[in-house]
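Asker: First the structure, which I've put down as structure tokens, then a few questions once you've had a look.
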Amino acid sequence: MKYPALTQEQLLQRLAPPKGKVRMVLDTDTFNEIDDQFAVIYALQSEDKLQVEALYAAPFYNELSSGPRDGMEKSYQEILKILELMDRAGHYPVHRGSEDYLSDKDQPQESEAARDLVKRAMAASDDDPLYVVAIGAITNVASAILMEPKIIEKIVVVWLGGHALHWPNTEEFNLRQDLHASRIVLDSGVPLVLIPCMGVTSHLRTSLSEIRDYVKDAGEIGSYLYETYLNCHKDHYGYTRVIWDISTIAYLNNEAWTPSSIVPSPLLSEDFRWSFDSSRHFIRYVWNIHRDPIFQDVFRKLSPV
């Protein structure tokens with residue numbers, strides 16, 4: 001597959017933290033873990049900075065699903081449930097995503113989500129790229145790139161994927177589910193903000209006590225998040241849980257909360273390890289997270305008005 005190549009100047013311009021209001025779509029495996037629900041709500045409650053244009057259901061396969069298709073469908077239904085609880089049903093387009101992972105590096109998994117992404121991206125003006133925030137397997141986004149490579153010139157991908165570049169492996173759930181899709185996003189030259197899990201967003205831990213104090217009373221959606229957190233673990237004594245996915249929304253809300261650098265895009269091996277080539281195109285890499293201001297922003301935006 002031949003991808004359009006941005007000049008280094010164009011790429012660095014795309015990789016600069018956004019100023020002003022951001023147009024975005026959110027690609028999420030919403031039923032997979034409790035952090036997706038927090039991220040979806042955080043994005044929708046950040047209307048001062050973010051204009052959410054559509055939500056896409058991403059595939060996932062673990063003990064909560066019978067396969068990628070089932071995981072995607074459960075995620076689709078979970079998005080609809082969240083919108084209903086927020087009294088926003090019908091306010092945003094919601095699209096089903098891929099029913100399987102990529103079988104090779106050149107064959108997309110066509111879906112409503114991938115087609116909608118292509119359409120929205122191609123309609124974007126050159127000075128107002130569409131931000132594609134991905135917090136699951138990157139299948140839908142990679143498929144859209146394969147279907148219409150020109151969207152590389154129209155989008156910025158913000159992806160929670162892999163582990164820190166210094167980590168001994170990168171066998172992270174989002175990344176390892178679809179090796180082909182992950183490589184496409186890393187290799188194609190699409191402007192990419194990579195936000196890793198272990199070693200970076202693993203700092204985003206919260207407790208049942210915090211959720212009880214700052215989330216539970218925030219209406220129906222607050223009660224839902226509280227019950228979801230309560231049921232995620234049997235014993236909450238001294239227990240905290242990582243809410244990884246809110247990192248992507250935090251980056252768009254205030255880049256100071258997510259310190260980052262411009263680095264060459266890493267290479268991804270068959271056994272899910274990073275390797276490096278300084279001649280490769282640049283990406284933006286988030287290497288630290290300021291936990292407290294991010295959760296303060298999340299809790300504040302969930303507080304009853």
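So you can find residues: chains in the structure tokens are A, B, ... in the order shown, residues in each start at 1, and ligands are numbered from 1 in order.
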Give me the residues near Gly162 of chain A as an MDAnalysis selection string, where near means some atom within 8 Å (using only C-alpha atoms) and where sequence neighbours in that chain fewer than 6 positions away do not count.

Answerer: chainID A and resid 170:176 195:198

Asker: Since we have the selection now, will you write its residues out, keeping C-alpha atoms, as a short mmCIF file (atom, residue, chain, number, x, y, z; two decimals), in the first residue's frame?

Answerer:
```cif
data_model
loop_
_atom_site.label_atom_id
_atom_site.label_comp_id
_atom_site.auth_asym_id
_atom_site.auth_seq_id
_atom_site.Cartn_x
_atom_site.Cartn_y
_atom_site.Cartn_z
CA THR A 170 4.36 -3.81 24.32
CA GLU A 171 1.83 -6.61 24.79
CA GLU A 172 -0.92 -4.15 25.63
CA PHE A 173 -4.54 -5.13 24.95
CA ASN A 174 -5.45 -2.45 22.40
CA LEU A 175 -2.26 -2.89 20.40
CA ARG A 176 -1.88 -6.68 20.44
CA ILE A 195 -0.30 7.58 24.56
CA PRO A 196 1.08 4.37 26.13
CA CYS A 197 -0.37 2.37 28.99
CA MET A 198 2.20 0.82 31.36
#
```

Asker: Extract the full set of alpha helix (DSSP H) residues from segment 215-295 of chain A according to DSSP on the backbone, and format it as a PyMOL selection string.

Answerer: chain A and resi 219-230+246-253+291-295

Asker: Using only C-alpha atoms, determine which residues lie at most 12 Å from Ser279 of chain A, disregarding the query and same-chain residues fewer than 4 positions distant; provide the list as a PyMOL selection string.

Answerer: chain A and resi 8+263-267

Asker: Mind writing the picked residues with C-alpha atoms as a compact mmCIF listing (two decimals), in the first residue's frame?

Answerer:
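This is the output file out-v3.txt:
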```txt
# COMPACT_ATOMS: atom_id res chain seq x y z
CA GLN A 8 8.12 17.16 7.67
CA VAL A 263 10.11 11.18 18.40
CA PRO A 264 10.57 8.87 15.39
CA SER A 265 7.72 6.40 15.07
CA PRO A 266 8.76 3.11 16.69
CA LEU A 267 8.79 -0.21 14.85
```

Asker: Choose the residue, out of A:Ala218, A:Asn32, A:Gly161, A:Gly97, that has the smallest atom-to-atom separation from Glu63 of chain A; count only C-alpha atoms.

Answerer: A:Asn32

Asker: Could you tell me, as a ChimeraX atom specification, which residues of segment 39-254 of chain A DSSP assigns to strand (DSSP E or B) when given the backbone?

Answerer: /A:50-57,94-95,130-134,155-160,192-195,205-207,240-242

Asker: For the residues in the current selection, export C-alpha atoms as an mmCIF file, in the first residue's frame.

Answerer:
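The result, written out as again_38.cif:
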```cif
data_model
loop_
_atom_site.group_PDB
_atom_site.id
_atom_site.type_symbol
_atom_site.label_atom_id
_atom_site.label_comp_id
_atom_site.auth_asym_id
_atom_site.auth_seq_id
_atom_site.Cartn_x
_atom_site.Cartn_y
_atom_site.Cartn_z
ATOM 1 C CA LEU A 50 -14.238 19.338 22.147
ATOM 2 C CA GLN A 51 -16.878 18.984 19.443
ATOM 3 C CA VAL A 52 -17.725 15.278 19.315
ATOM 4 C CA GLU A 53 -19.051 14.556 15.815
ATOM 5 C CA ALA A 54 -19.564 10.768 16.023
ATOM 6 C CA LEU A 55 -18.881 7.700 18.140
ATOM 7 C CA TYR A 56 -17.648 4.375 16.759
ATOM 8 C CA ALA A 57 -17.831 0.941 18.366
ATOM 9 C CA VAL A 94 -23.195 6.200 16.593
ATOM 10 C CA HIS A 95 -21.785 3.618 14.164
ATOM 11 C CA LEU A 130 -10.411 15.854 12.236
ATOM 12 C CA TYR A 131 -9.047 14.365 15.466
ATOM 13 C CA VAL A 132 -9.611 10.617 15.656
ATOM 14 C CA VAL A 133 -9.472 9.563 19.295
ATOM 15 C CA ALA A 134 -9.047 5.795 19.599
ATOM 16 C CA ILE A 155 -6.714 13.633 10.330
ATOM 17 C CA VAL A 156 -4.727 13.430 13.552
ATOM 18 C CA VAL A 157 -4.954 10.113 15.421
ATOM 19 C CA VAL A 158 -4.754 10.183 19.224
ATOM 20 C CA TRP A 159 -4.379 6.568 20.331
ATOM 21 C CA LEU A 160 -4.109 4.862 23.684
ATOM 22 C CA LEU A 192 -0.155 10.180 15.462
ATOM 23 C CA VAL A 193 -0.200 11.080 19.139
ATOM 24 C CA LEU A 194 0.753 7.849 20.922
ATOM 25 C CA ILE A 195 -0.303 7.577 24.557
ATOM 26 C CA ARG A 205 -5.534 5.366 39.319
ATOM 27 C CA THR A 206 -8.581 6.168 41.421
ATOM 28 C CA SER A 207 -10.439 4.518 44.281
ATOM 29 C CA THR A 240 -7.303 1.429 43.161
ATOM 30 C CA ARG A 241 -8.020 0.932 39.491
ATOM 31 C CA VAL A 242 -6.484 2.510 36.404
#
```

Asker: Skipping near chain neighbours, those fewer than 6 positions away, what residues fall within 10 Å of Asp127 of chain A using only C-alpha atoms, listed as a list of chain:residue names?

Answerer: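 The residues satisfying every condition are A:Gln13, A:Arg14, A:Lys154.
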
Asker: Which residue gives the smallest distance to Lys19 of chain A among A:Glu255, A:Glu78, A:Glu99, A:Asp271, with only C-alpha atoms counted?

Answerer: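 The closest residue to Lys19 of chain A is A:Glu255.
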
Asker: Pick from A:Asn62, A:Thr139, A:Lys21, A:Asp36: nearest to Asp48 of chain A, with only C-alpha atoms counted?

Answerer: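 Using only C-alpha atoms, the shortest distance to Asp48 of chain A belongs to A:Lys21.
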
Asker: Give the answer as one residue: which of A:Leu102, A:Ala256, A:Leu268, A:Leu186 has the shortest atom-to-atom distance to Pro18 of chain A, using only C-alpha atoms?

Answerer: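 Using only C-alpha atoms, Pro18 of chain A sits closest to A:Ala256.
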
Asker: With a distance cut-off of 8 Å and only C-alpha atoms, select the neighbouring residues of segment 201-203 of chain A, excluding the residue or stretch itself and same-chain residues fewer than 6 positions from it, and output the selection as a PDB file with N, CA, C and O atoms, in the first residue's frame.

Answerer:
```pdb
ATOM      1  N   ILE A 195      -0.214   7.480  23.104  1.00  0.00           N
ATOM      2  CA  ILE A 195      -0.303   7.577  24.557  1.00  0.00           C
ATOM      3  C   ILE A 195      -0.228   6.153  25.114  1.00  0.00           C
ATOM      4  O   ILE A 195      -1.182   5.386  24.987  1.00  0.00           O
ATOM      5  N   VAL A 242      -6.932   1.573  37.428  1.00  0.00           N
ATOM      6  CA  VAL A 242      -6.484   2.510  36.404  1.00  0.00           C
ATOM      7  C   VAL A 242      -7.653   2.846  35.470  1.00  0.00           C
ATOM      8  O   VAL A 242      -8.347   1.958  34.977  1.00  0.00           O
ATOM      9  N   TRP A 244      -7.440   4.275  32.307  1.00  0.00           N
ATOM     10  CA  TRP A 244      -6.485   4.638  31.256  1.00  0.00           C
ATOM     11  C   TRP A 244      -7.040   5.630  30.235  1.00  0.00           C
ATOM     12  O   TRP A 244      -6.367   6.594  29.851  1.00  0.00           O
ATOM     13  N   SER A 247      -6.987   9.593  29.453  1.00  0.00           N
ATOM     14  CA  SER A 247      -5.747  10.290  29.075  1.00  0.00           C
ATOM     15  C   SER A 247      -5.863  10.945  27.702  1.00  0.00           C
ATOM     16  O   SER A 247      -5.313  12.029  27.471  1.00  0.00           O
ATOM     17  N   ASN A 288       4.551  11.181  30.092  1.00  0.00           N
ATOM     18  CA  ASN A 288       4.207  11.347  31.504  1.00  0.00           C
ATOM     19  C   ASN A 288       2.756  11.795  31.605  1.00  0.00           C
ATOM     20  O   ASN A 288       2.179  12.291  30.639  1.00  0.00           O
ATOM     21  N   ILE A 289       2.183  11.618  32.777  1.00  0.00           N
ATOM     22  CA  ILE A 289       0.802  12.004  33.047  1.00  0.00           C
ATOM     23  C   ILE A 289       0.749  12.710  34.397  1.00  0.00           C
ATOM     24  O   ILE A 289       1.305  12.210  35.391  1.00  0.00           O
ATOM     25  N   ARG A 291      -1.541  13.180  37.061  1.00  0.00           N
ATOM     26  CA  ARG A 291      -2.763  12.502  37.470  1.00  0.00           C
ATOM     27  C   ARG A 291      -3.798  13.422  38.103  1.00  0.00           C
ATOM     28  O   ARG A 291      -4.988  13.394  37.749  1.00  0.00           O
TER      29      ARG A 291
END
```

Asker: Restricting the calculation to only C-alpha atoms, which member of A:Val298, A:Glu153, A:Phe272, A:His180 is positioned closest to Leu11 of chain A?

Answerer: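 Comparing A:Val298, A:Glu153, A:Phe272, A:His180 against Leu11 of chain A, the winner is A:Glu153.
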
Asker: Between A:Ala43, A:Ala137, A:Leu204, A:Ala144, which has the minimum distance to Phe295 of chain A (counting only C-alpha atoms)?

Answerer: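 Among the listed residues, the smallest separation from Phe295 of chain A belongs to A:Leu204.
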
Asker: Excluding same-chain residues fewer than 2 positions from Tyr237 of chain A, what lies within 10 Å of it counting only C-alpha atoms, as JSON, numbers by chain?

Answerer: {"A": [207, 208, 209, 234, 235, 239, 240]}

Asker: Kindly save the residues from that selection, with all heavy atoms included, as a PDB file, in the first residue's frame.

Answerer:
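Below you can see out03.pdb, which holds the result:
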```pdb
ATOM      1  N   SER A 207      -9.894   5.470  43.312  1.00  0.00           N
ATOM      2  CA  SER A 207     -10.439   4.518  44.281  1.00  0.00           C
ATOM      3  C   SER A 207     -11.953   4.647  44.372  1.00  0.00           C
ATOM      4  O   SER A 207     -12.549   5.642  43.926  1.00  0.00           O
ATOM      5  CB  SER A 207      -9.833   4.782  45.665  1.00  0.00           C
ATOM      6  OG  SER A 207     -10.263   6.050  46.144  1.00  0.00           O
ATOM      7  N   LEU A 208     -12.566   3.656  45.003  1.00  0.00           N
ATOM      8  CA  LEU A 208     -14.010   3.704  45.219  1.00  0.00           C
ATOM      9  C   LEU A 208     -14.379   4.910  46.080  1.00  0.00           C
ATOM     10  O   LEU A 208     -15.427   5.527  45.863  1.00  0.00           O
ATOM     11  CB  LEU A 208     -14.479   2.407  45.891  1.00  0.00           C
ATOM     12  CG  LEU A 208     -15.987   2.300  46.116  1.00  0.00           C
ATOM     13  CD1 LEU A 208     -16.736   2.266  44.794  1.00  0.00           C
ATOM     14  CD2 LEU A 208     -16.314   1.057  46.949  1.00  0.00           C
ATOM     15  N   SER A 209     -13.524   5.261  47.037  1.00  0.00           N
ATOM     16  CA  SER A 209     -13.810   6.415  47.897  1.00  0.00           C
ATOM     17  C   SER A 209     -13.937   7.687  47.072  1.00  0.00           C
ATOM     18  O   SER A 209     -14.858   8.493  47.287  1.00  0.00           O
ATOM     19  CB  SER A 209     -12.701   6.578  48.944  1.00  0.00           C
ATOM     20  OG  SER A 209     -12.620   5.440  49.770  1.00  0.00           O
ATOM     21  N   LYS A 234     -14.029  -7.267  43.844  1.00  0.00           N
ATOM     22  CA  LYS A 234     -14.731  -7.815  45.005  1.00  0.00           C
ATOM     23  C   LYS A 234     -14.379  -7.105  46.292  1.00  0.00           C
ATOM     24  O   LYS A 234     -15.226  -6.951  47.184  1.00  0.00           O
ATOM     25  CB  LYS A 234     -14.422  -9.318  45.133  1.00  0.00           C
ATOM     26  CG  LYS A 234     -15.009 -10.170  44.017  1.00  0.00           C
ATOM     27  CD  LYS A 234     -14.689 -11.638  44.225  1.00  0.00           C
ATOM     28  CE  LYS A 234     -15.299 -12.499  43.124  1.00  0.00           C
ATOM     29  NZ  LYS A 234     -14.959 -13.941  43.313  1.00  0.00           N
ATOM     30  N   ASP A 235     -13.126  -6.693  46.446  1.00  0.00           N
ATOM     31  CA  ASP A 235     -12.667  -6.109  47.704  1.00  0.00           C
ATOM     32  C   ASP A 235     -12.007  -4.765  47.415  1.00  0.00           C
ATOM     33  O   ASP A 235     -10.942  -4.710  46.789  1.00  0.00           O
ATOM     34  CB  ASP A 235     -11.678  -7.062  48.383  1.00  0.00           C
ATOM     35  CG  ASP A 235     -11.208  -6.547  49.730  1.00  0.00           C
ATOM     36  OD1 ASP A 235     -11.717  -5.496  50.177  1.00  0.00           O
ATOM     37  OD2 ASP A 235     -10.324  -7.186  50.341  1.00  0.00           O
ATOM     38  N   TYR A 239      -7.765  -0.665  47.503  1.00  0.00           N
ATOM     39  CA  TYR A 239      -7.717  -0.981  46.068  1.00  0.00           C
ATOM     40  C   TYR A 239      -7.883   0.289  45.232  1.00  0.00           C
ATOM     41  O   TYR A 239      -8.703   1.154  45.540  1.00  0.00           O
ATOM     42  CB  TYR A 239      -8.844  -1.964  45.726  1.00  0.00           C
ATOM     43  CG  TYR A 239      -9.022  -2.254  44.253  1.00  0.00           C
ATOM     44  CD1 TYR A 239      -8.190  -3.147  43.586  1.00  0.00           C
ATOM     45  CD2 TYR A 239     -10.041  -1.625  43.528  1.00  0.00           C
ATOM     46  CE1 TYR A 239      -8.365  -3.423  42.237  1.00  0.00           C
ATOM     47  CE2 TYR A 239     -10.222  -1.892  42.168  1.00  0.00           C
ATOM     48  CZ  TYR A 239      -9.379  -2.791  41.547  1.00  0.00           C
ATOM     49  OH  TYR A 239      -9.553  -3.053  40.197  1.00  0.00           O
ATOM     50  N   THR A 240      -7.106   0.390  44.169  1.00  0.00           N
ATOM     51  CA  THR A 240      -7.303   1.429  43.161  1.00  0.00           C
ATOM     52  C   THR A 240      -7.303   0.775  41.786  1.00  0.00           C
ATOM     53  O   THR A 240      -6.735  -0.306  41.595  1.00  0.00           O
ATOM     54  CB  THR A 240      -6.195   2.502  43.203  1.00  0.00           C
ATOM     55  OG1 THR A 240      -4.920   1.891  42.939  1.00  0.00           O
ATOM     56  CG2 THR A 240      -6.169   3.230  44.535  1.00  0.00           C
TER      57      THR A 240
END
```

Asker: Work out how far apart atom CA of Ala58 of chain A and atom CA of Ile138 of chain A are and give it in Å to one decimal.

Answerer: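 Interatomic distance here is 7.8 Å.
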